[in-house]
file protein_6.txt (compact mmCIF, C-alpha atoms)
# COMPACT_ATOMS: atom_id res chain seq x y z
CA MET A 19 84.87 34.67 -20.19
CA SER A 20 86.14 35.37 -23.73
CA LYS A 21 85.37 38.73 -25.32
CA HIS A 22 83.54 36.95 -28.09
CA PHE A 23 81.30 35.14 -25.61
CA GLN A 24 80.70 38.37 -23.71
CA ARG A 25 79.62 40.17 -26.88
CA ASN A 26 77.31 37.29 -27.81
CA LEU A 27 75.79 37.41 -24.35
CA SER A 28 75.10 41.15 -24.65
CA ASP A 29 73.38 40.55 -28.00
CA LEU A 30 71.27 37.82 -26.45
CA LYS A 31 70.18 40.09 -23.61
CA ARG A 32 69.26 42.84 -26.08
CA GLN A 33 67.23 40.35 -28.15
CA LEU A 34 65.35 39.21 -25.05
CA LEU A 35 64.49 42.78 -24.01
CA GLN A 36 63.26 43.55 -27.52
CA MET A 37 61.04 40.49 -27.42
CA GLY A 38 59.75 41.58 -24.01
CA ALA A 39 58.88 45.01 -25.40
CA LEU A 40 56.89 43.41 -28.22
CA VAL A 41 55.01 41.21 -25.75
CA GLU A 42 54.21 44.20 -23.53
CA GLU A 43 52.92 46.13 -26.54
CA ALA A 44 50.79 43.16 -27.60
CA ILE A 45 49.19 42.94 -24.14
CA ASN A 46 48.50 46.66 -24.20
CA LEU A 47 46.97 46.63 -27.66
CA ALA A 48 44.87 43.53 -26.91
CA ILE A 49 43.31 45.14 -23.85
CA GLN A 50 42.73 48.40 -25.73
CA ALA A 51 40.89 46.35 -28.37
CA VAL A 52 38.70 44.89 -25.63
CA VAL A 53 37.98 48.07 -23.69
CA ASP A 54 37.38 50.29 -26.75
CA ARG A 55 35.51 47.54 -28.62
CA GLU A 56 37.95 47.79 -31.53
CA PRO A 57 38.23 44.33 -33.13
CA LYS A 58 40.59 45.76 -35.78
CA LEU A 59 43.22 46.39 -33.11
CA GLY A 60 42.69 42.81 -31.99
CA ARG A 61 43.52 41.53 -35.47
CA LYS A 62 46.74 43.56 -35.38
CA VAL A 63 47.82 41.70 -32.24
CA VAL A 64 47.05 38.36 -33.88
CA GLU A 65 49.23 39.28 -36.87
CA GLY A 66 52.02 40.73 -34.69
CA ASP A 67 52.27 37.45 -32.80
CA ARG A 68 54.11 35.95 -35.77
CA GLN A 69 57.03 38.26 -35.10
CA ILE A 70 57.18 37.12 -31.47
CA ASP A 71 57.11 33.49 -32.64
CA LYS A 72 59.95 34.18 -35.03
CA MET A 73 62.00 35.83 -32.29
CA GLU A 74 61.50 32.81 -30.03
CA ILE A 75 63.13 30.59 -32.63
CA ASP A 76 65.99 33.07 -33.14
CA VAL A 77 66.70 33.32 -29.40
CA GLU A 78 66.66 29.54 -29.00
CA GLU A 79 69.05 29.05 -31.93
CA HIS A 80 71.28 31.76 -30.46
CA CYS A 81 71.36 29.92 -27.12
CA LEU A 82 72.11 26.56 -28.75
CA MET A 83 74.92 28.18 -30.71
CA LEU A 84 76.40 29.69 -27.51
CA LEU A 85 76.21 26.33 -25.73
CA ALA A 86 77.81 24.40 -28.60
CA LEU A 87 80.45 26.99 -29.40
CA HIS A 88 81.56 28.20 -25.96
CA GLN A 89 80.51 25.23 -23.81
CA PRO A 90 79.96 27.47 -20.79
CA VAL A 91 79.85 26.01 -17.27
CA ALA A 92 78.64 27.15 -13.85
CA ALA A 93 76.97 30.59 -13.76
CA ASP A 94 77.21 31.17 -17.53
CA LEU A 95 75.58 27.82 -18.26
CA ARG A 96 72.77 28.51 -15.80
CA PHE A 97 72.22 31.94 -17.33
CA ILE A 98 71.82 30.54 -20.86
CA VAL A 99 69.44 27.84 -19.63
CA ALA A 100 67.43 30.54 -17.84
CA VAL A 101 67.25 32.56 -21.07
CA MET A 102 65.87 29.53 -22.92
CA LYS A 103 63.14 29.10 -20.33
CA VAL A 104 62.30 32.81 -20.30
CA ASN A 105 62.18 32.78 -24.09
CA ASN A 106 59.58 30.02 -23.92
CA ASP A 107 57.56 31.93 -21.35
CA LEU A 108 57.62 35.13 -23.44
CA GLU A 109 56.29 33.26 -26.47
CA ARG A 110 53.45 31.93 -24.30
CA MET A 111 52.68 35.43 -23.07
CA GLY A 112 52.43 36.47 -26.72
CA ASP A 113 49.92 33.68 -27.27
CA LEU A 114 47.90 34.83 -24.27
CA ALA A 115 47.83 38.39 -25.65
CA LYS A 116 46.57 36.89 -28.90
CA ASN A 117 43.87 35.01 -26.99
CA ILE A 118 42.79 38.27 -25.36
CA ALA A 119 42.69 39.92 -28.78
CA ASN A 120 40.48 37.10 -30.08
CA ARG A 121 38.05 37.78 -27.24
CA ALA A 122 37.89 41.42 -28.42
CA VAL A 123 36.71 40.18 -31.80
CA ASP A 124 34.08 38.02 -30.05
CA LEU A 125 32.94 40.78 -27.70
CA ALA A 126 32.16 43.11 -30.60
CA ARG A 127 29.56 40.55 -31.76
CA VAL A 128 27.56 40.02 -28.54
CA GLU A 129 25.40 42.05 -26.15
CA PRO A 130 27.54 44.99 -24.93
CA LEU A 131 28.77 44.79 -21.36
CA GLN A 132 31.11 47.36 -19.83
CA ALA A 133 34.60 46.10 -19.15
CA PRO A 134 35.22 45.49 -15.42
CA ASP A 135 36.77 48.59 -13.83
CA LEU A 136 39.62 46.64 -12.30
CA LEU A 137 40.81 45.33 -15.67
CA ARG A 138 42.89 48.47 -16.27
CA SER A 139 44.78 48.14 -12.99
CA MET A 140 45.29 44.46 -13.69
CA VAL A 141 46.83 45.21 -17.09
CA GLU A 142 49.13 47.90 -15.71
CA ARG A 143 50.35 45.56 -13.02
CA ALA A 144 50.83 42.60 -15.37
CA ARG A 145 52.81 44.69 -17.89
CA GLU A 146 55.04 46.03 -15.15
CA MET A 147 55.65 42.47 -13.93
CA VAL A 148 56.68 41.38 -17.43
CA ARG A 149 59.12 44.31 -17.72
CA ASN A 150 60.53 43.87 -14.22
CA SER A 151 60.96 40.12 -14.58
CA LEU A 152 63.07 40.58 -17.73
CA ASP A 153 65.06 43.41 -16.18
CA SER A 154 65.72 41.27 -13.11
CA LEU A 155 67.20 38.59 -15.37
CA VAL A 156 69.26 40.84 -17.61
CA TYR A 157 70.65 42.93 -14.73
CA LEU A 158 70.66 40.00 -12.26
CA ASN A 159 68.64 42.10 -9.82
CA GLN A 160 67.36 39.82 -7.12
CA GLU A 161 65.39 42.51 -5.28
CA LEU A 162 63.43 43.34 -8.43
CA ALA A 163 62.72 39.62 -8.96
CA ARG A 164 61.32 39.35 -5.44
CA GLN A 165 59.14 42.40 -6.12
CA VAL A 166 57.62 40.59 -9.11
CA CYS A 167 56.77 37.59 -6.91
CA ARG A 168 55.04 39.87 -4.42
CA ASP A 169 53.10 41.71 -7.17
CA ASP A 170 51.63 38.40 -8.31
CA ASP A 171 49.47 38.30 -5.17
CA LEU A 172 47.95 41.65 -6.13
CA VAL A 173 47.08 40.40 -9.61
CA ASP A 174 45.51 37.26 -8.13
CA THR A 175 43.38 39.40 -5.83
CA LEU A 176 42.27 41.61 -8.73
CA HIS A 177 41.36 38.50 -10.73
CA GLU A 178 39.29 37.12 -7.85
CA LYS A 179 37.42 40.42 -7.50
CA ILE A 180 36.68 40.57 -11.23
CA PHE A 181 35.55 36.95 -11.10
CA SER A 182 33.07 37.61 -8.25
CA THR A 183 31.65 40.73 -9.92
CA LEU A 184 31.10 38.95 -13.22
CA GLN A 185 29.58 35.91 -11.54
CA ALA A 186 27.07 38.17 -9.77
CA ASP A 187 26.28 39.98 -13.07
CA MET A 188 25.54 36.67 -14.76
CA GLY A 189 23.18 35.62 -11.97
CA ARG A 190 21.20 38.87 -12.21
CA ARG A 191 21.15 39.25 -16.01
CA PRO A 192 21.38 35.98 -17.97
CA GLU A 193 21.59 37.96 -21.24
CA VAL A 194 25.11 39.13 -20.30
CA ILE A 195 26.43 35.59 -19.76
CA PRO A 196 28.26 35.48 -23.15
CA PRO A 197 30.20 38.77 -22.73
CA ALA A 198 30.78 38.08 -19.03
CA LEU A 199 32.41 34.74 -19.96
CA ASP A 200 34.61 36.61 -22.44
CA PHE A 201 35.73 39.02 -19.70
CA LEU A 202 36.36 36.12 -17.33
CA SER A 203 38.55 34.59 -19.98
CA ILE A 204 40.45 37.87 -20.48
CA SER A 205 41.01 38.31 -16.76
CA ARG A 206 42.29 34.75 -16.55
CA HIS A 207 44.69 35.28 -19.45
CA LEU A 208 46.10 38.35 -17.69
CA GLU A 209 46.49 36.35 -14.52
CA ARG A 210 48.43 33.71 -16.45
CA ILE A 211 50.68 36.36 -17.98
CA ALA A 212 51.44 37.53 -14.45
CA ASP A 213 52.10 33.89 -13.45
CA LEU A 214 54.59 33.47 -16.29
CA ALA A 215 56.37 36.69 -15.24
CA THR A 216 56.49 35.24 -11.73
CA ASN A 217 58.02 32.01 -13.07
CA ILE A 218 60.75 34.10 -14.68
CA ALA A 219 61.37 36.02 -11.47
CA GLU A 220 61.51 32.80 -9.46
CA ASP A 221 64.04 31.37 -11.89
CA VAL A 222 66.14 34.51 -11.46
CA VAL A 223 66.08 34.23 -7.68
CA PHE A 224 66.83 30.51 -7.94
CA MET A 225 69.71 31.21 -10.26
CA ILE A 226 71.19 33.92 -8.04
CA GLU A 227 70.56 32.29 -4.72
CA GLY A 228 70.24 28.64 -5.63
CA GLU A 229 67.20 28.80 -3.43
CA VAL A 230 64.01 27.03 -4.38
CA ILE A 231 61.40 29.64 -3.60
CA ARG A 232 59.32 28.41 -6.50
CA HIS A 233 57.70 25.41 -4.94
CA ARG A 234 57.52 26.84 -1.49
CA ALA A 235 55.51 29.76 -2.88
CA GLN A 236 53.20 27.34 -4.66
CA GLU A 237 52.40 25.55 -1.45
CA GLU A 238 51.38 28.81 0.13
CA GLU A 239 49.37 29.92 -2.87
CA ASN A 240 45.75 30.83 -2.47
CA PRO A 241 43.80 27.91 -3.93
CA GLY A 242 41.16 30.35 -5.24
CA GLN A 243 39.73 30.57 -8.76
CA GLU A 244 42.32 29.78 -11.42
CA MET B 11 79.08 9.18 -27.40
CA SER B 12 80.87 7.88 -24.27
CA LYS B 13 79.37 4.94 -22.37
CA HIS B 14 79.11 7.13 -19.32
CA PHE B 15 77.10 9.75 -21.19
CA GLN B 16 74.90 7.05 -22.70
CA ARG B 17 74.14 5.59 -19.27
CA ASN B 18 73.36 9.05 -17.92
CA LEU B 19 71.01 9.68 -20.83
CA SER B 20 69.12 6.43 -20.17
CA ASP B 21 68.72 7.41 -16.53
CA LEU B 22 67.40 10.80 -17.61
CA LYS B 23 64.83 9.23 -19.94
CA ARG B 24 63.69 6.87 -17.18
CA GLN B 25 63.33 9.81 -14.78
CA LEU B 26 61.22 11.69 -17.31
CA LEU B 27 58.89 8.74 -17.92
CA GLN B 28 58.45 8.29 -14.15
CA MET B 29 57.53 11.94 -13.84
CA GLY B 30 55.08 11.55 -16.73
CA ALA B 31 53.42 8.59 -14.99
CA LEU B 32 52.98 10.66 -11.82
CA VAL B 33 51.42 13.51 -13.83
CA GLU B 34 49.03 11.10 -15.59
CA GLU B 35 48.01 9.62 -12.26
CA ALA B 36 47.42 13.10 -10.84
CA ILE B 37 45.16 14.05 -13.76
CA ASN B 38 43.21 10.82 -13.34
CA LEU B 39 42.78 11.22 -9.60
CA ALA B 40 41.79 14.89 -9.93
CA ILE B 41 39.02 14.11 -12.40
CA GLN B 42 37.83 11.18 -10.26
CA ALA B 43 37.62 13.60 -7.34
CA VAL B 44 35.45 15.90 -9.46
CA VAL B 45 33.15 13.28 -10.99
CA ASP B 46 32.64 11.28 -7.78
CA ARG B 47 32.42 14.41 -5.60
CA GLU B 48 35.30 13.15 -3.43
CA PRO B 49 37.20 16.22 -2.16
CA LYS B 50 39.50 13.91 -0.16
CA LEU B 51 40.93 12.50 -3.39
CA GLY B 52 41.46 16.09 -4.50
CA ARG B 53 43.57 16.81 -1.44
CA LYS B 54 45.69 13.76 -2.26
CA VAL B 55 46.50 15.30 -5.66
CA VAL B 56 47.44 18.60 -4.04
CA GLU B 57 49.86 16.81 -1.70
CA GLY B 58 51.25 14.58 -4.47
CA ASP B 59 52.15 17.64 -6.52
CA ARG B 60 55.13 18.23 -4.22
CA GLN B 61 56.74 15.06 -5.50
CA ILE B 62 56.34 16.26 -9.09
CA ASP B 63 57.87 19.61 -8.13
CA LYS B 64 60.81 17.83 -6.55
CA MET B 65 61.33 15.69 -9.64
CA GLU B 66 61.38 18.79 -11.82
CA ILE B 67 64.32 20.17 -9.87
CA ASP B 68 66.13 16.80 -10.00
CA VAL B 69 65.68 16.50 -13.78
CA GLU B 70 66.90 20.06 -14.33
CA GLU B 71 69.97 19.50 -12.18
CA HIS B 72 70.63 16.25 -14.03
CA CYS B 73 70.48 18.11 -17.38
CA LEU B 74 72.79 20.89 -16.17
CA MET B 75 75.24 18.27 -14.94
CA LEU B 76 75.18 16.51 -18.33
CA LEU B 77 75.74 19.81 -20.16
CA ALA B 78 78.62 20.87 -17.92
CA LEU B 79 80.30 17.48 -17.72
CA HIS B 80 79.92 16.11 -21.26
CA GLN B 81 79.49 19.37 -23.22
CA PRO B 82 77.37 17.64 -25.86
CA VAL B 83 76.87 19.21 -29.30
CA ALA B 84 74.48 18.75 -32.24
CA ALA B 85 71.72 16.14 -31.70
CA ASP B 86 72.74 15.33 -28.10
CA LEU B 87 72.67 19.01 -27.14
CA ARG B 88 69.24 19.49 -28.72
CA PHE B 89 67.95 16.41 -26.92
CA ILE B 90 69.02 17.68 -23.50
CA VAL B 91 67.53 21.10 -24.20
CA ALA B 92 64.28 19.40 -25.25
CA VAL B 93 64.26 17.42 -21.99
CA MET B 94 64.60 20.66 -20.01
CA LYS B 95 61.61 22.16 -21.79
CA VAL B 96 59.53 19.00 -21.42
CA ASN B 97 60.42 18.87 -17.74
CA ASN B 98 59.04 22.39 -17.35
CA ASP B 99 55.86 21.45 -19.21
CA LEU B 100 55.34 18.35 -17.05
CA GLU B 101 55.62 20.41 -13.90
CA ARG B 102 52.96 22.78 -15.28
CA MET B 103 50.70 19.85 -16.09
CA GLY B 104 51.06 18.78 -12.46
CA ASP B 105 49.97 22.27 -11.42
CA LEU B 106 46.94 22.06 -13.71
CA ALA B 107 45.97 18.69 -12.18
CA LYS B 108 46.25 20.39 -8.80
CA ASN B 109 43.99 23.20 -10.03
CA ILE B 110 41.41 20.63 -11.15
CA ALA B 111 41.64 18.97 -7.74
CA ASN B 112 41.00 22.32 -6.06
CA ARG B 113 37.83 22.70 -8.12
CA ALA B 114 36.71 19.30 -6.76
CA VAL B 115 37.00 20.71 -3.25
CA ASP B 116 34.94 23.74 -4.37
CA LEU B 117 32.30 21.69 -6.17
CA ALA B 118 31.55 19.66 -3.07
CA ARG B 119 30.43 22.91 -1.38
CA VAL B 120 27.98 24.27 -3.98
CA GLU B 121 24.68 23.27 -5.63
CA PRO B 122 25.24 19.82 -7.22
CA LEU B 123 25.47 19.74 -11.00
CA GLN B 124 26.24 16.57 -12.93
CA ALA B 125 29.65 16.54 -14.59
CA PRO B 126 29.44 17.08 -18.37
CA ASP B 127 29.31 13.69 -20.16
CA LEU B 128 32.16 14.59 -22.49
CA LEU B 129 34.57 15.22 -19.61
CA ARG B 130 35.47 11.50 -19.41
CA SER B 131 36.41 11.31 -23.11
CA MET B 132 38.39 14.52 -22.75
CA VAL B 133 40.40 13.11 -19.81
CA GLU B 134 41.12 9.84 -21.63
CA ARG B 135 42.34 11.73 -24.65
CA ALA B 136 44.45 14.19 -22.66
CA ARG B 137 46.14 11.42 -20.65
CA GLU B 138 46.92 9.50 -23.82
CA MET B 139 48.44 12.66 -25.32
CA VAL B 140 50.68 13.15 -22.28
CA ARG B 141 51.89 9.54 -22.48
CA ASN B 142 52.39 9.60 -26.26
CA SER B 143 54.22 12.93 -26.23
CA LEU B 144 56.77 11.59 -23.72
CA ASP B 145 57.14 8.30 -25.60
CA SER B 146 57.69 10.23 -28.83
CA LEU B 147 60.56 12.09 -27.16
CA VAL B 148 62.19 9.13 -25.44
CA TYR B 149 61.94 6.83 -28.48
CA LEU B 150 62.34 9.66 -31.02
CA ASN B 151 59.13 8.55 -32.73
CA GLN B 152 58.08 11.28 -35.11
CA GLU B 153 54.87 9.55 -36.23
CA LEU B 154 53.65 9.33 -32.63
CA ALA B 155 54.48 13.01 -32.12
CA ARG B 156 52.39 13.95 -35.15
CA GLN B 157 49.53 11.85 -33.77
CA VAL B 158 49.61 13.94 -30.57
CA CYS B 159 49.33 17.15 -32.63
CA ARG B 160 46.29 15.77 -34.46
CA ASP B 161 44.64 14.61 -31.21
CA ASP B 162 44.82 18.16 -29.90
CA ASP B 163 42.09 19.20 -32.36
CA LEU B 164 39.79 16.57 -30.87
CA VAL B 165 40.37 17.87 -27.35
CA ASP B 166 39.69 21.43 -28.53
CA THR B 167 36.40 20.31 -30.07
CA LEU B 168 35.39 18.52 -26.86
CA HIS B 169 36.21 21.64 -24.86
CA GLU B 170 34.09 23.82 -27.17
CA LYS B 171 31.14 21.43 -26.85
CA ILE B 172 31.41 21.36 -23.06
CA PHE B 173 31.66 25.17 -23.05
CA SER B 174 28.45 25.56 -25.12
CA THR B 175 26.51 23.08 -22.99
CA LEU B 176 27.51 24.77 -19.74
CA GLN B 177 26.79 28.25 -21.11
CA ALA B 178 23.27 27.10 -22.05
CA ASP B 179 22.79 25.54 -18.58
CA MET B 180 23.74 28.81 -16.91
CA GLY B 181 21.27 30.76 -19.02
CA ARG B 182 18.41 28.43 -18.11
CA ARG B 183 19.22 27.89 -14.42
CA PRO B 184 21.10 30.76 -12.76
CA GLU B 185 21.44 28.69 -9.56
CA VAL B 186 23.94 26.39 -11.32
CA ILE B 187 26.25 29.25 -12.37
CA PRO B 188 28.82 28.53 -9.58
CA PRO B 189 29.27 24.79 -10.34
CA ALA B 190 29.08 25.42 -14.10
CA LEU B 191 31.97 27.89 -13.80
CA ASP B 192 33.93 25.24 -11.90
CA PHE B 193 33.34 22.72 -14.70
CA LEU B 194 34.33 25.31 -17.30
CA SER B 195 37.53 25.84 -15.40
CA ILE B 196 38.19 22.07 -15.26
CA SER B 197 37.55 21.64 -18.97
CA ARG B 198 39.94 24.54 -19.69
CA HIS B 199 42.65 23.03 -17.49
CA LEU B 200 42.35 19.74 -19.40
CA GLU B 201 42.57 21.61 -22.66
CA ARG B 202 45.76 23.30 -21.44
CA ILE B 203 47.25 19.94 -20.41
CA ALA B 204 46.58 18.75 -23.98
CA ASP B 205 48.20 21.96 -25.29
CA LEU B 206 51.32 21.32 -23.23
CA ALA B 207 51.50 17.74 -24.54
CA THR B 208 51.20 19.21 -28.03
CA ASN B 209 54.08 21.62 -27.30
CA ILE B 210 56.21 18.61 -26.36
CA ALA B 211 55.23 16.74 -29.52
CA GLU B 212 55.98 19.81 -31.67
CA ASP B 213 59.41 20.12 -30.05
CA VAL B 214 60.05 16.45 -30.85
CA VAL B 215 59.10 16.93 -34.51
CA PHE B 216 61.19 20.10 -34.65
CA MET B 217 64.13 18.30 -33.14
CA ILE B 218 63.89 15.36 -35.52
CA GLU B 219 63.04 17.27 -38.65
CA GLY B 220 64.32 20.72 -37.87
CA GLU B 221 60.94 21.76 -39.17
CA VAL B 222 58.97 24.51 -37.50
CA ILE B 223 55.49 23.10 -37.45
CA ARG B 224 54.79 24.83 -34.20
CA HIS B 225 54.07 28.31 -35.41
CA ARG B 226 52.50 27.23 -38.65
CA ALA B 227 49.98 25.19 -36.65
CA GLN B 228 49.28 28.19 -34.44
CA GLU B 229 48.39 30.31 -37.42
CA GLU B 230 45.85 27.74 -38.52
CA GLU B 231 44.44 27.27 -35.03
CA ASN B 232 40.77 27.78 -34.40
CA PRO B 233 40.44 31.09 -32.52
CA GLY B 234 37.58 29.63 -30.44
CA GLN B 235 37.17 29.74 -26.65
CA GLU B 236 40.46 29.36 -24.83

call {"tool": "encode", "arguments": {"input": "protein_6.txt", "output": "structure tokens"}}
result
Amino acid sequence: MSKHFQRNLSDLKRQLLQMGALVEEAINLAIQAVVDREPKLGRKVVEGDRQIDKMEIDVEEHCLMLLALHQPVAADLRFIVAVMKVNNDLERMGDLAKNIANRAVDLARVEPLQAPDLLRSMVERAREMVRNSLDSLVYLNQELARQVCRDDDLVDTLHEKIFSTLQADMGRRPEVIPPALDFLSISRHLERIADLATNIAEDVVFMIEGEVIRHRAQEEENPGQE
Amino acid sequence: MSKHFQRNLSDLKRQLLQMGALVEEAINLAIQAVVDREPKLGRKVVEGDRQIDKMEIDVEEHCLMLLALHQPVAADLRFIVAVMKVNNDLERMGDLAKNIANRAVDLARVEPLQAPDLLRSMVERAREMVRNSLDSLVYLNQELARQVCRDDDLVDTLHEKIFSTLQADMGRRPEVIPPALDFLSISRHLERIADLATNIAEDVVFMIEGEVIRHRAQEEENPGQE
């Protein structure tokens, strides 16, 4: 590997981690907007998403440049392709954070309903998964990647619990149907963020091991509420 | 472009269109399972998803082989990268069809509720978007790609109408909350399939024009129910 390529690769990794930090912050802010009923914070997330979108384009152009200029093969090629996929997933996580933030704006307009208790744990877990999935890629840490895959089951369980609680609330008090649907939507967005982090982790394992755990895991997945 | 590369590229396009046809068929079957209350059909979709998963891996390996062997640059490089992204999106559409099919299995167990009338139009539109987005890539048809982007607004409107109808149903008849939530979930999955087709179409336009319509469109998007 040429020194020039190596330096470019380090820059790319740094860029990806920066983008990950922005996404994590967006998720955090979006949920704070929901829990504290602060639609203004929500609007900040919506505006901040433009920066994430811009970074996605930069990272993709960087990858294309590396491919065209250095024409890497084998492990280096697979790494750059993985970065392009992760980049895409990060941008989608940013969109999901924006969707959560939009729900905060909605929630401030309807009948108040307390945020489900488990939402906080779900957010903590999802953010950690995002961070760990990126770290597993940048440091090629297979054990960390496998941890992310395991954590996804926990997030799914939390989502199912939140779903059941909200469904019961709606049955008892029809007036809370609108905010309950907003919370359902938020919980689902968090679950999808966790899924995207899991995709990243699976790609990392696949890249390191050449083992397809992705589809095997899907077959075993709990066909519960998506 | 060498003849060998050209032949490989044609094979890749054919592979992608085959995968698209499988995804379309899965969406169709999943919705039929829901509307006709035929959980058996739903199980067929769940099993068929393995074939789509397998094709995703084949297409990715094919792309990596083309990159390593022919080291394409400029337009050819961008095309292969686009195929890798589209491949990923198709696999996710297959997962969404599977999620819809799982709801069919659920719906057969709870209080019957007639499927929302607009679901049929939504499915037709979403399937057409999937087909057109792939055709726009394979035939580099920018006009068709732009058509897909416009159609996405229609699907979003249909989803919002279905959402409002179901929300009103739940308020009036709490006993239909479980099936109504299933239908909401199905409508959302269809909307996401349309979103993924739109991502593909935006990538095609970006590739042909080098124009970033993607993020501009996002800024204008209706922040309605996701």

call {"tool": "atom_distance", "arguments": {"input": "protein_6.txt", "atom1": "CA of Val194 (chain A)", "atom2": "CA of Pro122 (chain B)"}}
result
23.3 Å

call {"tool": "closest_residue", "arguments": {"input": "protein_6.txt", "among": "B:Ile90, B:Leu144, B:Ile187, B:Leu27", "to": "chain A", "atoms": "only C-alpha atoms"}}
result
B:Ile187

call {"tool": "interface_residues", "arguments": {"input": "protein_6.txt", "of": "chain A", "to": "chain B", "cutoff": "6 Å", "atoms": "all atoms listed in the file", "output": "mmCIF file with C-alpha atoms, in the frame of the given file"}}
result
data_model
loop_
_atom_site.group_PDB
_atom_site.id
_atom_site.type_symbol
_atom_site.label_atom_id
_atom_site.label_comp_id
_atom_site.auth_asym_id
_atom_site.auth_seq_id
_atom_site.Cartn_x
_atom_site.Cartn_y
_atom_site.Cartn_z
ATOM 1 C CA ALA A 86 77.810 24.400 -28.600
ATOM 2 C CA GLN A 89 80.510 25.230 -23.810
ATOM 3 C CA VAL A 91 79.850 26.010 -17.270
ATOM 4 C CA GLY A 189 23.180 35.620 -11.970
ATOM 5 C CA PRO A 192 21.380 35.980 -17.970
#

call {"tool": "atom_distance", "arguments": {"input": "protein_6.txt", "atom1": "CA of Asp213 (chain B)", "atom2": "CA of Glu35 (chain B)"}}
result
23.6 Å

call {"tool": "atom_distance", "arguments": {"input": "protein_6.txt", "atom1": "CA of Val55 (chain B)", "atom2": "CA of Met103 (chain B)"}}
result
12.1 Å

call {"tool": "residues_around", "arguments": {"input": "protein_6.txt", "residues": "region 169-180 of chain A", "least_positions_apart": "4", "cutoff": "8 Å", "atoms": "only C-alpha atoms", "output": "PyMOL selection string"}}
result
chain A and resi 134+136-137+140+143-144+147+165+184+202+205-206+209+212-213+216+242-243

call {"tool": "residues_around", "arguments": {"input": "protein_6.txt", "residues": "Glu42 (chain A)", "least_positions_apart": "5", "cutoff": "10 Å", "atoms": "all atoms listed in the file", "output": "list in words"}}
result
Gln36, Met37, Leu47, Ala48, Leu108, Met111, Gly112, Ala115, Val141, Ala144, Arg145, Glu146, Met147, Val148 and Arg149 of chain A

call {"tool": "closest_residue", "arguments": {"input": "protein_6.txt", "among": "A:Val128, A:Ala122, A:Leu158, A:Met73", "to": "Phe97 (chain A)", "atoms": "only C-alpha atoms"}}
result
A:Leu158

call {"tool": "residues_around", "arguments": {"input": "protein_6.txt", "residues": "Glu219 (chain B)", "least_positions_apart": "6", "cutoff": "12 Å", "atoms": "only C-alpha atoms", "output": "JSON, numbers by chain"}}
result
{"B": [85, 88, 150, 151, 152, 153, 155, 156, 212, 213]}

call {"tool": "decode", "arguments": {"input": "protein_6.txt", "residues": "region 76-111 of chain A", "atoms": "C-alpha atoms", "output": "JSON list (two decimals), in the first residue's frame"}}
result
[["chain", "number", "residue", "atom", "x", "y", "z"],
["A", 76, "ASP", "CA", -18.07, 14.15, 0.18],
["A", 77, "VAL", "CA", -17.37, 10.63, 1.47],
["A", 78, "GLU", "CA", -18.73, 9.04, -1.71],
["A", 79, "GLU", "CA", -16.62, 11.32, -3.92],
["A", 80, "HIS", "CA", -13.60, 10.51, -1.74],
["A", 81, "CYS", "CA", -14.22, 6.78, -2.23],
["A", 82, "LEU", "CA", -14.67, 7.13, -6.00],
["A", 83, "MET", "CA", -11.44, 9.11, -6.16],
["A", 84, "LEU", "CA", -9.58, 6.40, -4.19],
["A", 85, "LEU", "CA", -10.95, 3.68, -6.48],
["A", 86, "ALA", "CA", -10.08, 5.54, -9.69],
["A", 87, "LEU", "CA", -6.69, 6.76, -8.54],
["A", 88, "HIS", "CA", -5.28, 3.78, -6.64],
["A", 89, "GLN", "CA", -7.33, 0.95, -8.16],
["A", 90, "PRO", "CA", -7.11, -1.09, -4.97],
["A", 91, "VAL", "CA", -7.77, -4.84, -5.00],
["A", 92, "ALA", "CA", -8.55, -7.53, -2.41],
["A", 93, "ALA", "CA", -8.92, -6.28, 1.19],
["A", 94, "ASP", "CA", -8.44, -2.60, 0.31],
["A", 95, "LEU", "CA", -11.13, -2.77, -2.36],
["A", 96, "ARG", "CA", -13.56, -4.48, 0.00],
["A", 97, "PHE", "CA", -12.85, -1.87, 2.66],
["A", 98, "ILE", "CA", -13.66, 1.05, 0.34],
["A", 99, "VAL", "CA", -16.85, -0.66, -0.84],
["A", 100, "ALA", "CA", -17.83, -1.21, 2.80],
["A", 101, "VAL", "CA", -17.24, 2.50, 3.52],
["A", 102, "MET", "CA", -19.56, 3.44, 0.65],
["A", 103, "LYS", "CA", -22.31, 1.24, 2.05],
["A", 104, "VAL", "CA", -21.80, 2.52, 5.60],
["A", 105, "ASN", "CA", -21.87, 6.08, 4.30],
["A", 106, "ASN", "CA", -25.27, 5.39, 2.77],
["A", 107, "ASP", "CA", -26.54, 3.86, 6.00],
["A", 108, "LEU", "CA", -25.33, 6.83, 8.06],
["A", 109, "GLU", "CA", -27.19, 9.25, 5.79],
["A", 110, "ARG", "CA", -30.34, 7.17, 6.29],
["A", 111, "MET", "CA", -29.87, 7.24, 10.05]]
